[in-house]
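Participant: To start, I am sharing the structure in question, which I have written as structure tokens.
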Amino acid sequence: MVTTRTDPTWRAAASVVDPELRVLTIEDLGVLREVATDRDSGRVTVTITPTYTGCPAMDVIRDDIRAALAAAGHPGAEVVTVYAPAWSTDWISETGRAKLAAAGIAPPGPAGTTGPVPLTLSVRCPLCGAADTEQVSRFGSTACKSLWRCRACREPFDHLRAF
């Protein structure tokens, strides 16, 4: 039986924080796909999708899900990783985008799945809101972020890249 987002089992799994983007839960990030409870055995199975193949945070996320569910009375939960459909930054919730901005991380724009590849010329500064920014490095503190600087407030900030 697939649980709903209001079910305590879903809520327990959804409360797990992403180890690289500590302001987001795996639900905010769109990594949490499904929580199901077997009617006969009561065993919980959680389905997740990594942000990209080989994401180093996935082992920690799996362990944290199991620990959260054990604390909620569901020891021995199974965590299944699925790769299709591939995760997209479009799966980040509006709440998640707001949390990123509040933490000084510029949320990604739409990833898009058809047509030309979008080119990011400027990213709005999450600190002062200015559009006059520049990319300092294509690589930031994690593989999914790039480093930017605002020309108006002169502050550096991370930008979560769209993919």
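Just remember, in the structure tokens the first chain shown is A, the second B, etc., residues are 1-based per chain, and ligands are 1-based in the order shown.
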Might you pull out every residue within 8 Å of stretch 56-72 of chain A, with only C-alpha atoms counted and same-chain residues fewer than 4 positions away left off, and present them as a tab-separated table (two decimals) with all heavy atoms, in the first residue's frame?

Facilitator:
chain	number	residue	atom	x	y	z
A	9	THR	N	4.35	7.56	8.33
A	9	THR	CA	5.49	6.86	7.74
A	9	THR	C	6.14	7.73	6.67
A	9	THR	O	7.36	7.87	6.61
A	9	THR	CB	5.05	5.51	7.16
A	9	THR	OG1	4.32	4.79	8.15
A	9	THR	CG2	6.23	4.68	6.70
A	12	ALA	N	7.97	10.62	8.34
A	12	ALA	CA	9.25	10.22	8.92
A	12	ALA	C	10.35	10.20	7.85
A	12	ALA	O	11.44	10.75	8.06
A	12	ALA	CB	9.14	8.86	9.59
A	13	ALA	N	10.06	9.57	6.72
A	13	ALA	CA	11.05	9.53	5.63
A	13	ALA	C	11.30	10.92	5.06
A	13	ALA	O	12.45	11.30	4.78
A	13	ALA	CB	10.58	8.58	4.52
A	15	SER	N	11.29	13.69	6.50
A	15	SER	CA	12.00	14.59	7.42
A	15	SER	C	13.52	14.51	7.28
A	15	SER	O	14.25	15.33	7.83
A	15	SER	CB	11.61	14.27	8.86
A	15	SER	OG	12.17	13.02	9.26
A	16	VAL	N	14.01	13.54	6.52
A	16	VAL	CA	15.46	13.37	6.35
A	16	VAL	C	16.03	14.57	5.60
A	16	VAL	O	15.52	14.97	4.56
A	16	VAL	CB	15.77	12.05	5.62
A	16	VAL	CG1	17.24	11.96	5.22
A	16	VAL	CG2	15.36	10.87	6.48
A	17	VAL	N	17.10	15.12	6.14
A	17	VAL	CA	17.74	16.31	5.57
A	17	VAL	C	18.83	15.87	4.59
A	17	VAL	O	19.57	14.93	4.84
A	17	VAL	CB	18.34	17.17	6.70
A	17	VAL	CG1	19.13	18.34	6.15
A	17	VAL	CG2	17.24	17.67	7.62
A	18	ASP	N	18.91	16.58	3.47
A	18	ASP	CA	19.96	16.30	2.49
A	18	ASP	C	21.31	16.65	3.12
A	18	ASP	O	21.48	17.76	3.64
A	18	ASP	CB	19.73	17.12	1.22
A	18	ASP	CG	20.80	16.85	0.19
A	18	ASP	OD1	20.68	15.84	-0.53
A	18	ASP	OD2	21.77	17.63	0.12
A	19	PRO	N	22.29	15.74	3.08
A	19	PRO	CA	23.56	16.01	3.74
A	19	PRO	C	24.42	17.08	3.06
A	19	PRO	O	25.32	17.63	3.69
A	19	PRO	CB	24.28	14.65	3.73
A	19	PRO	CG	23.62	13.86	2.67
A	19	PRO	CD	22.22	14.38	2.54
A	20	GLU	N	24.15	17.39	1.81
A	20	GLU	CA	24.93	18.43	1.12
A	20	GLU	C	24.21	19.77	1.11
A	20	GLU	O	24.85	20.81	1.11
A	20	GLU	CB	25.24	18.00	-0.31
A	20	GLU	CG	26.21	16.85	-0.37
A	20	GLU	CD	26.57	16.45	-1.79
A	20	GLU	OE1	25.79	16.76	-2.73
A	20	GLU	OE2	27.62	15.82	-1.97
A	50	PRO	N	18.41	9.46	-7.00
A	50	PRO	CA	19.53	10.37	-6.74
A	50	PRO	C	19.49	11.59	-7.66
A	50	PRO	O	18.94	11.52	-8.76
A	50	PRO	CB	20.76	9.51	-7.04
A	50	PRO	CG	20.28	8.46	-7.98
A	50	PRO	CD	18.83	8.22	-7.63
A	76	GLY	N	14.08	-1.99	10.02
A	76	GLY	CA	14.25	-2.89	8.88
A	76	GLY	C	13.63	-2.38	7.59
A	76	GLY	O	13.37	-3.18	6.68
A	77	ALA	N	13.42	-1.07	7.48
A	77	ALA	CA	12.86	-0.52	6.24
A	77	ALA	C	13.82	-0.75	5.08
A	77	ALA	O	15.05	-0.73	5.26
A	77	ALA	CB	12.57	0.96	6.39
A	78	GLU	N	13.27	-0.98	3.92
A	78	GLU	CA	14.06	-1.16	2.71
A	78	GLU	C	14.07	0.15	1.94
A	78	GLU	O	13.03	0.81	1.81
A	78	GLU	CB	13.45	-2.27	1.84
A	78	GLU	CG	14.23	-2.51	0.57
A	78	GLU	CD	13.59	-3.58	-0.32
A	78	GLU	OE1	12.44	-3.97	-0.06
A	78	GLU	OE2	14.25	-3.98	-1.28
A	79	VAL	N	15.23	0.54	1.44
A	79	VAL	CA	15.35	1.74	0.63
A	79	VAL	C	15.79	1.31	-0.77
A	79	VAL	O	16.84	0.69	-0.94
A	79	VAL	CB	16.36	2.75	1.22
A	79	VAL	CG1	16.44	4.00	0.35
A	79	VAL	CG2	15.96	3.13	2.65

Participant: As number ranges by chain, list the residues of chain A assigned to helix (DSSP H, G or I) by DSSP on the backbone atoms of this structure.

Facilitator: A: 8-14, 26-29, 58-71, 89-91, 94-102

Participant: Which one of A:Leu29, A:Ala103, A:Ala152, A:Ala14 sits closest to A:Gly129 if you count only C-alpha atoms?

Facilitator: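 Nearest candidate to A:Gly129 out of A:Leu29, A:Ala103, A:Ala152, A:Ala14: A:Ala152.
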
Participant: Pick out the closest residue to A:Leu24 from this set: A:Thr4, A:Thr81, A:Thr45, A:Ser93. Count only C-alpha atoms.

Facilitator: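 Checking each candidate against A:Leu24, we get A:Ser93 as the closest.
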
Participant: Enter the distance from atom CA of A:Val44 to atom CA of A:Met1, in Å, rounded to one decimal.

Facilitator: 9.5 Å

Participant: Name all residues at most 10 Å from A:Ser122 (count only C-alpha atoms; drop same-chain ones fewer than 2 positions away) and give them as an MDAnalysis selection string.

Facilitator: chainID A and resid 119:120 124:125 130:135 148 150

Participant: Got a sec to tell me which of stretch 15-73 of chain A DSSP assigns to strand (DSSP E), as a PyMOL selection string?

Facilitator: chain A and resi 32-37+44-48
